[in-house]
Structure formats: C-alpha cells, structure tokens
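What follows is a single structure, written as structure tokens, with notes after it.
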Amino acid sequence: MTEPVPGDLDGHTVELDRAHVFHSWSAQAALSPMVVAGGLGCRVWNHAGREWLDFSSQLVNVNIGHQHPRIVAAIQEQAALLTTISPPTANLARGEAARRIVDLAPDGFTKVFFTNGGADANENAIRMARQFTGRDKVVSTYRSYHGNTGAAVVATGDWRRVPNEYARGHVHVFGPYLYRSEFWATTPEEESERALRHLTRVVESEGPASVAAILLETVPGTAGVLMPPPGYLEGVRALADKHGIMLILDEVMAGFGRTGQWFAFDAYDVVPDLITFAKGVNSGYVPVGGVVISDPIAAHFDDIVFPGGLTYSGHPLAMASIVASIDAMADEGIVDNAARIGRDVLGPGLAELAEKHDLVGEARGAGVFWALELVSDPESREPVAPAVVGRAKALLLERGLLPFVADNRIHVVPPCVVTDDEAGTALAIYDDALTLLTKELS
C-alpha cells in the first residue's frame with residue numbers, strides 16, 4: 001500500500017477501502033464508494049472539499065444533523081469521565097437516558113432495555129413478547145425491514161429475508177399501500193378496512209393462541225415511507241387486544257422527530273406494548289438502540305429471569321449522546337422544525353414535483369420522511385428500471401445533493417434541523433434532475 005499523496009486523500013481512502021473493507025448488502029468487486037471526510041449540520045464533504053447537501057441523513061439516522069456541538073461535547077465529557085462499564089452496574093448516564101426516553105413514551109412505560117442498534121432492539125422485543133405470552137409466532141409485513149440479526153431479518157419482509165431464513169415462527173402479511181394495493185382498494189378507507197381483514201384472517205388461520213406478537217414499523221421506511229391509512233393501526237391494536245397478542249411498533253427509523261413527532265405513533269390513536277428505537281435517538285453518533293417496555297411486560301420479569309443481554313447494553317458514551325440529543329432536540333425545537341418543514345416546504349414542494357413530472361407516480365410522507373415513487377408510465381404505474389434510479393442518483397450527486405434511493409424510489413429524508421433554504425435548494429435540484437432524466441428517457 002502506497003502512502004497518500006498530498007492532496008489525494010480521497011483516492012487513498014478509496015484504495016484503503018477497496019483493499020480491506022467488506023461492505024454490507026453488496027457484491028464487492030464493482031464497488032466505488034463515495035468518500036466522506038467531514039460534515040456539519042445538513043452538509044458533508046470529501047477531502048478535496050467538494051460538498052453535498054445530505055438528504056439521506058446517511059441511513060435515515062442523522063436526525064439532529066452532523067456534528068451537533070452539544071452531542072459531541074457530551075461524548076467527549078463522558079469519555080473523560082468513564083468510557084465503558086458493564087451492564088449490571090448502575091450508571092448515571094444510563095439512568096438519565098432511560099428517564100428521558102420514558103418521559104417521551106405514553107403512560108404505562110417506565111423501563112428501557114438498551115441494545116447496540118435497531119436490529120437487536122427488535123430481536124429482544126420479539127423475545128420479550130414470546131416470553132410474556134408463552135407463544136411463538138410473530139406476524140409482520142412483507143414490505144418491511146427490521147434488521148439483520150436472526151429473528152429480525154426473518155421478520156423482515158423484503159428480499160434480504162430469503163437467504164437468511166433460519167429463525168422459526170414467522171408469518172408475513174401484506175400491509176396497506178394504496179398506490180399499489182394488494183386489495184383492489186380505491187380509497188384510503190377501503191385499503192385500511194381490507195388490509196385489516198386480511199391480517200385478521202391470517203391471524204385466525206394461524207391460530208390466535210399461537211401468535212405472540214404483531215410487529216410493524218409504524219411508518220414502513222425502507223419499504224417506501226408507507227403512511228398508515230385511517231384506522232389501520234387502531235384496528236391492529238384492537239385485533240391484538242382481542243387475542244392477547246403483543247403489538248410491537250418498530251420506531252427505529254420513524255422515531256425521534258423523523259415524522260415531525262417524537263414517536264411516529266403519536267399521530268395515531270394507538271399505544272403499543274413494546275416500542276423499539278435506535279437511529280434518531282442520538283443520530284447514530286454512537287451505536288445504540290433499545291426497547292421501551294410497557295409496565296405489565298416489565299413486571300413479568302420481576303421474578304423471572306429475562307434470558308437476554310449484551311456486553312455493551314447501556315454503554316456510557318451512547319447514553320451520554322442520548323441525553324444530549326434529546327435535550328438539544330427539545331431545547332431547540334427540532335421536532336417542531338421537522339413537522340413544519342414537512343407541512344410547509346417539503347410536502348407542498350414534492351407535490352408540485354409529482355404534478356409536474358410524469359416520472360413521479362406519487363409523493364408521500366410527513367415531517368422529514370418522504371418518498372418519490374418513480375414510474376415509467378403514470379397510468380400503469382410500472383416502476384422504472386433500476387438503471388433509471390441509478391441515473392437519478394448520479395444526477396443528484398453531480399448537482400451537490402446526496403440522496404437515499406431504494407428500489408424505484410427517491411427517499412427525501414434530510415436531518416430534522418434542515419432549514420427552509422436548504423429544503424428549497426434540494427427541491428430545485430430534484431426538479432432539475434427529474435427534468436434532465438425525462439429528456440434522456442424520451
């Protein structure tokens with residue numbers, strides 16, 4: 001390996017990466033990763049100083065923006081005090097982090113189990129539901145992503161489940177998605193009613209007494225920012241209550257400001273039994289996740305051993321970053337900013353793009369959690385080919401915007417701290433890229 005040439009740190013970074021780093025969800029040979037050397041707020045840059053507006057929030061997790069000074073300072077202060085301690089101990093940062101999280105949860109939640117990320121948050125929520133109910137099966141949707149650990153990846157519905165199906169007791173259903181309805185619905189109300197009927201029949205057919213939990217992303221994220229239609233989540237709650245089934249709401253991507261609410265389910269008349277979180281709770285500054293546990297489930301383990309644990313559960317650096325992040329978000333009105341940006345800027349702006357460009361079949365979302373669904377024909381709603389999405393990504397990068405793309409969609413997911421000017425700049429870039437892409441395809 002050669003030493004880096006002054007001024008060529010980007011090239012050296014890629015050289016090191018391709019020589020030694022094995023990337024997730026990828027065939028390795030053709031990779032050419034983007035170099036990111038630094039970031040601040042909603043922007044990132046490489047070593048050469050080229051800058052991009054980050055409308056991916058990386059993996060939809062940098063909710064508070066890059067390098068927020070209060071979180072950086074909190075991590076530094078905690079590192080100087082105590083860098084690590086084992087989970088059985090009591091630690092002030094851990095207690096303060098848990099208290100702040102339960103203060104945001106509905107009444108009836110007083111305990112938090114900390115994990116290393118969202119996947120093992122879902123993993124342990126499933127374990128809690130099975131232990132509490134004495135049942136085995138977990139029902140989740142095909143359009144979902146719950147993480148890359150044993151049960152979480154099998155609960156996942158997308159293609160990543162198929163080569164990893166080693167966990168037992170998982171059942172999948174179709175959730176609501178009016179734009180591509182599996183139920184021949186024509187209105188949100190029909191979609192909700194028919195999706196609930198489908199779920200009900202699956203639960204009945206599987207045997208309700210065998211089902212431990214229904215696991216849903218409150219707003220499915222990677223699957224396309226699929227906003228629940230009226231009454232759907234409330235109907236799932238009623239079905240779960242009828243059969244003694246635990247409702248787990250996965251807030252890993254949707255929580256902590258992303259939809260303009262502290263928890264995405266705050267916008268609906270529903271309270272789950274278990275809440276999983278990660279990503280936005282500290283913007284990924286230090287790996288962390290967790291399960292917020294309703295009091296009856298927590299009490300179940302007062303005299304029964306919970307069979308789960310992680311070496312880094314409640315790691316002090318992660319805990320300090322959670323405390324600082326929640327405090328900063330509250331003090332600076334960051335969740336309210338996400339709601340306002342979605343309502344006043346991104347929502348109307350993306351709707352205009354959908355009206356203007358036939359390539360955009362639908363724009364949907366809330367807060368700073370949106371998706372543009374790209375179609376080759378607005379009547380048939382045929383998804384564009386992967387190459388078209390790849391070209392859209394390239395055009396956006398060329399124009400200084402870092403996008404998040406999945407399947408036939410561009411996800412519009414900036415940090416919650418995004419300004420009106422930054423959102424306006426991004427909307428203009430999307431418009432320009434879609435205009436050019438349409439010309440290239442014609």
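Lettering and numbering for the structure tokens are positional, with chains as A, B, ... in the shown order, residues counted from 1 in each chain, and ligands counted from 1 in the shown order.
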So that I can check the secondary structure, give me every residue of segment 220-360 of chain A assigned alpha helix (DSSP H) by backbone DSSP, as a ChimeraX atom specification. /A:232-243,295-300,316-331,334-340,347-356
For Pro415 of chain A, list every protein, DNA or RNA residue within 12 Å, evaluated using only C-alpha atoms, and leave out those in the same chain fewer than 3 positions away; present the list as a short mmCIF file (atom, residue, chain, number, x, y, z; two decimals) with N, CA and C atoms, in the first residue's frame.
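So out11.cif came out as:
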```cif
data_model
loop_
_atom_site.label_atom_id
_atom_site.label_comp_id
_atom_site.auth_asym_id
_atom_site.auth_seq_id
_atom_site.Cartn_x
_atom_site.Cartn_y
_atom_site.Cartn_z
N LEU A 40 -21.24 18.78 8.72
CA LEU A 40 -21.75 19.75 9.69
C LEU A 40 -23.19 20.06 9.33
N GLY A 41 -24.09 19.91 10.27
CA GLY A 41 -25.49 20.18 10.00
C GLY A 41 -26.03 19.25 8.94
N CYS A 42 -26.49 19.83 7.83
CA CYS A 42 -27.08 19.05 6.73
C CYS A 42 -26.11 18.87 5.57
N ARG A 43 -24.83 19.09 5.79
CA ARG A 43 -23.87 19.00 4.70
C ARG A 43 -22.71 18.09 5.05
N LEU A 53 -25.29 18.43 -0.06
CA LEU A 53 -26.40 18.57 0.85
C LEU A 53 -26.91 17.16 1.16
N ASP A 54 -26.88 16.78 2.42
CA ASP A 54 -27.19 15.40 2.80
C ASP A 54 -28.69 15.22 2.98
N PHE A 55 -29.37 14.75 1.94
CA PHE A 55 -30.79 14.45 2.02
C PHE A 55 -31.03 12.95 2.12
N SER A 56 -30.03 12.25 2.64
CA SER A 56 -30.17 10.84 3.01
C SER A 56 -30.15 10.67 4.52
N SER A 57 -29.61 11.68 5.23
CA SER A 57 -29.32 11.52 6.65
C SER A 57 -28.53 10.24 6.89
N GLN A 58 -27.64 9.92 5.92
CA GLN A 58 -26.87 8.69 5.88
C GLN A 58 -27.80 7.48 5.72
N LEU A 59 -28.12 6.76 6.76
CA LEU A 59 -29.12 5.69 6.65
C LEU A 59 -30.38 6.13 7.40
N VAL A 60 -30.82 7.34 7.11
CA VAL A 60 -32.01 7.93 7.72
C VAL A 60 -31.87 7.91 9.25
N ASN A 61 -30.69 8.30 9.72
CA ASN A 61 -30.48 8.28 11.17
C ASN A 61 -29.91 9.58 11.73
N VAL A 62 -29.32 10.44 10.91
CA VAL A 62 -28.68 11.64 11.46
C VAL A 62 -29.75 12.72 11.63
N ASN A 63 -30.67 12.48 12.55
CA ASN A 63 -31.83 13.37 12.70
C ASN A 63 -31.43 14.76 13.18
N ILE A 64 -30.44 14.85 14.04
CA ILE A 64 -30.05 16.13 14.60
C ILE A 64 -28.96 16.82 13.78
N GLY A 65 -28.58 16.20 12.66
CA GLY A 65 -27.56 16.76 11.80
C GLY A 65 -26.16 16.31 12.20
N HIS A 66 -25.22 16.55 11.32
CA HIS A 66 -23.84 16.14 11.57
C HIS A 66 -23.16 17.07 12.57
N GLN A 67 -22.43 16.46 13.48
CA GLN A 67 -21.52 17.18 14.40
C GLN A 67 -22.23 18.24 15.24
N HIS A 68 -23.39 17.91 15.74
CA HIS A 68 -24.05 18.87 16.64
C HIS A 68 -23.16 19.08 17.86
N PHE A 256 -38.22 9.69 16.92
CA PHE A 256 -37.36 10.81 17.35
C PHE A 256 -37.25 11.91 16.29
N GLY A 257 -38.44 12.38 15.90
CA GLY A 257 -38.51 13.57 15.07
C GLY A 257 -38.69 13.33 13.59
N ARG A 258 -38.44 12.15 13.12
CA ARG A 258 -38.41 11.91 11.68
C ARG A 258 -39.75 12.26 11.01
N THR A 259 -40.86 11.92 11.65
CA THR A 259 -42.18 12.23 11.06
C THR A 259 -42.75 13.55 11.57
N GLY A 260 -41.95 14.28 12.35
CA GLY A 260 -42.46 15.50 12.96
C GLY A 260 -43.12 15.25 14.31
N LYS A 279 -31.35 4.58 15.74
CA LYS A 279 -31.10 5.68 14.82
C LYS A 279 -31.27 7.09 15.40
N GLY A 280 -32.50 7.64 15.32
CA GLY A 280 -32.71 9.04 15.64
C GLY A 280 -32.53 9.41 17.09
N SER A 283 -28.94 10.18 16.75
CA SER A 283 -28.47 10.41 15.38
C SER A 283 -27.30 9.51 14.99
N GLY A 284 -27.19 8.37 15.66
CA GLY A 284 -26.14 7.42 15.29
C GLY A 284 -24.74 7.85 15.65
N MET A 329 -32.74 18.51 21.14
CA MET A 329 -33.92 18.49 20.28
C MET A 329 -35.08 19.23 20.94
N ILE A 334 -36.42 21.09 17.57
CA ILE A 334 -36.03 20.38 16.35
C ILE A 334 -37.15 19.49 15.82
N VAL A 335 -37.91 18.86 16.71
CA VAL A 335 -39.04 18.04 16.26
C VAL A 335 -40.09 18.93 15.62
N ASN A 337 -39.52 21.71 14.16
CA ASN A 337 -38.98 22.14 12.87
C ASN A 337 -39.22 21.09 11.79
N ALA A 338 -39.03 19.82 12.15
CA ALA A 338 -39.28 18.75 11.18
C ALA A 338 -40.73 18.74 10.74
N ALA A 339 -41.65 18.92 11.69
CA ALA A 339 -43.07 18.95 11.35
C ALA A 339 -43.39 20.12 10.43
N ILE A 341 -41.31 21.91 8.45
CA ILE A 341 -40.68 21.75 7.14
C ILE A 341 -41.49 20.81 6.26
N GLY A 342 -41.96 19.72 6.85
CA GLY A 342 -42.78 18.78 6.08
C GLY A 342 -44.09 19.38 5.64
N GLY A 367 -43.32 15.16 7.94
CA GLY A 367 -42.11 15.64 8.58
C GLY A 367 -40.95 15.70 7.60
N VAL A 368 -39.86 15.02 7.93
CA VAL A 368 -38.71 14.93 7.02
C VAL A 368 -38.53 13.47 6.60
N PHE A 369 -39.67 12.85 6.27
CA PHE A 369 -39.73 11.43 5.93
C PHE A 369 -40.65 11.29 4.72
N VAL A 412 -36.77 11.24 0.37
CA VAL A 412 -36.38 12.61 0.71
C VAL A 412 -36.36 12.68 2.23
N VAL A 418 -32.98 20.63 9.10
CA VAL A 418 -32.90 21.25 7.78
C VAL A 418 -33.63 22.59 7.78
N THR A 419 -33.06 23.55 7.07
CA THR A 419 -33.66 24.88 7.00
C THR A 419 -34.55 25.01 5.77
N GLU A 422 -32.31 25.30 2.71
CA GLU A 422 -31.74 24.02 2.30
C GLU A 422 -32.80 23.14 1.63
N ALA A 423 -33.99 23.14 2.19
CA ALA A 423 -35.07 22.37 1.57
C ALA A 423 -35.42 22.92 0.19
#
```
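Among the candidate residues A:Asp358, A:Leu82, A:Ala121, A:Glu191, the one lying nearest to Val288 of chain A is A:Ala121, with distances computed using only C-alpha atoms.
Among the candidates A:Leu397, A:Val139, A:Thr187, A:Ser24, the residue lying nearest to Val44 of chain A is A:Leu397 (atoms considered: only C-alpha atoms).
Residues in contact with Pro208 of chain A at up to 12 Å, not including ones fewer than 2 positions away on its chain and judged by only C-alpha atoms, are Thr133, Arg135, Asp136, Lys137, Val138, Val139, Leu199, Thr200, Arg201, Val202, Val203, Glu204, Ser205, Glu206, Ser210, Val211, Ala212, Ala213, Ile214, Leu239, Ala240, Asp241, Lys242, His243, Gly244, Ile245 and Met246 of chain A.
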Dump C-alpha atoms for the selected residues as an mmCIF file, in the first residue's frame?
```cif
data_model
loop_
_atom_site.group_PDB
_atom_site.id
_atom_site.type_symbol
_atom_site.label_atom_id
_atom_site.label_comp_id
_atom_site.auth_asym_id
_atom_site.auth_seq_id
_atom_site.Cartn_x
_atom_site.Cartn_y
_atom_site.Cartn_z
ATOM 1 C CA THR A 133 -47.195 -14.676 26.227
ATOM 2 C CA ARG A 135 -46.448 -18.181 22.419
ATOM 3 C CA ASP A 136 -44.164 -18.491 19.421
ATOM 4 C CA LYS A 137 -45.399 -16.873 16.209
ATOM 5 C CA VAL A 138 -44.626 -13.338 15.089
ATOM 6 C CA VAL A 139 -46.685 -11.685 12.353
ATOM 7 C CA LEU A 199 -54.476 -9.519 8.740
ATOM 8 C CA THR A 200 -57.414 -10.785 10.785
ATOM 9 C CA ARG A 201 -57.904 -13.825 8.564
ATOM 10 C CA VAL A 202 -54.195 -14.683 8.684
ATOM 11 C CA VAL A 203 -54.154 -14.471 12.478
ATOM 12 C CA GLU A 204 -57.316 -16.581 12.667
ATOM 13 C CA SER A 205 -55.877 -19.123 10.241
ATOM 14 C CA GLU A 206 -52.570 -19.366 12.107
ATOM 15 C CA SER A 210 -50.160 -19.318 18.854
ATOM 16 C CA VAL A 211 -49.339 -15.688 17.991
ATOM 17 C CA ALA A 212 -47.047 -13.846 20.413
ATOM 18 C CA ALA A 213 -46.738 -10.547 18.588
ATOM 19 C CA ILE A 214 -47.631 -8.418 15.630
ATOM 20 C CA LEU A 239 -57.134 -7.235 16.919
ATOM 21 C CA ALA A 240 -54.143 -7.727 19.203
ATOM 22 C CA ASP A 241 -56.215 -6.918 22.277
ATOM 23 C CA LYS A 242 -58.929 -9.364 21.247
ATOM 24 C CA HIS A 243 -56.468 -12.272 21.167
ATOM 25 C CA GLY A 244 -53.938 -11.317 23.842
ATOM 26 C CA ILE A 245 -51.273 -10.603 21.203
ATOM 27 C CA MET A 246 -48.491 -8.113 21.895
#
```
Would you give me, as a Markdown table, each residue of segment 180-291 of chain A having an atom within 9 Å of an atom of segment 302-322 of chain A, along with its shortest atom pair and that distance in Å to one decimal, using only C-alpha atoms and sorting by chain and residue number?
```
| residue | atom | partner | partner_atom | distance |
| --- | --- | --- | --- | --- |
| A:Val281 | CA | A:Ile322 | CA | 6.0 |
| A:Asn282 | CA | A:Ile322 | CA | 4.9 |
| A:Ser283 | CA | A:Ile322 | CA | 8.7 |
| A:Gly284 | CA | A:Ala318 | CA | 8.9 |
| A:Tyr285 | CA | A:Ser321 | CA | 7.1 |
| A:Val286 | CA | A:Ala318 | CA | 5.1 |
| A:Pro287 | CA | A:Ala318 | CA | 6.6 |
| A:Val288 | CA | A:Ala318 | CA | 6.1 |
| A:Gly289 | CA | A:Ser313 | CA | 8.8 |
| A:Gly290 | CA | A:Ser313 | CA | 8.7 |
```
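The spacing separating atom CA of Gly175 of chain A from atom CA of Ala298 of chain A amounts to 28.9 Å.
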Enumerate, as a VMD selection string, the complete set of residues in segment 177-403 of chain A that a backbone-based DSSP assignment places in strand (DSSP E). chain A and resid 211 to 217 246 to 250 274 to 277 289 to 294 360 to 366 369 to 377 382 to 383 401 to 402
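For the residues A:Ala267, A:Leu178, A:Ala428, A:Ile248, ranking by smallest atom-to-atom distance to Leu226 of chain A using only C-alpha atoms places A:Leu178 first.
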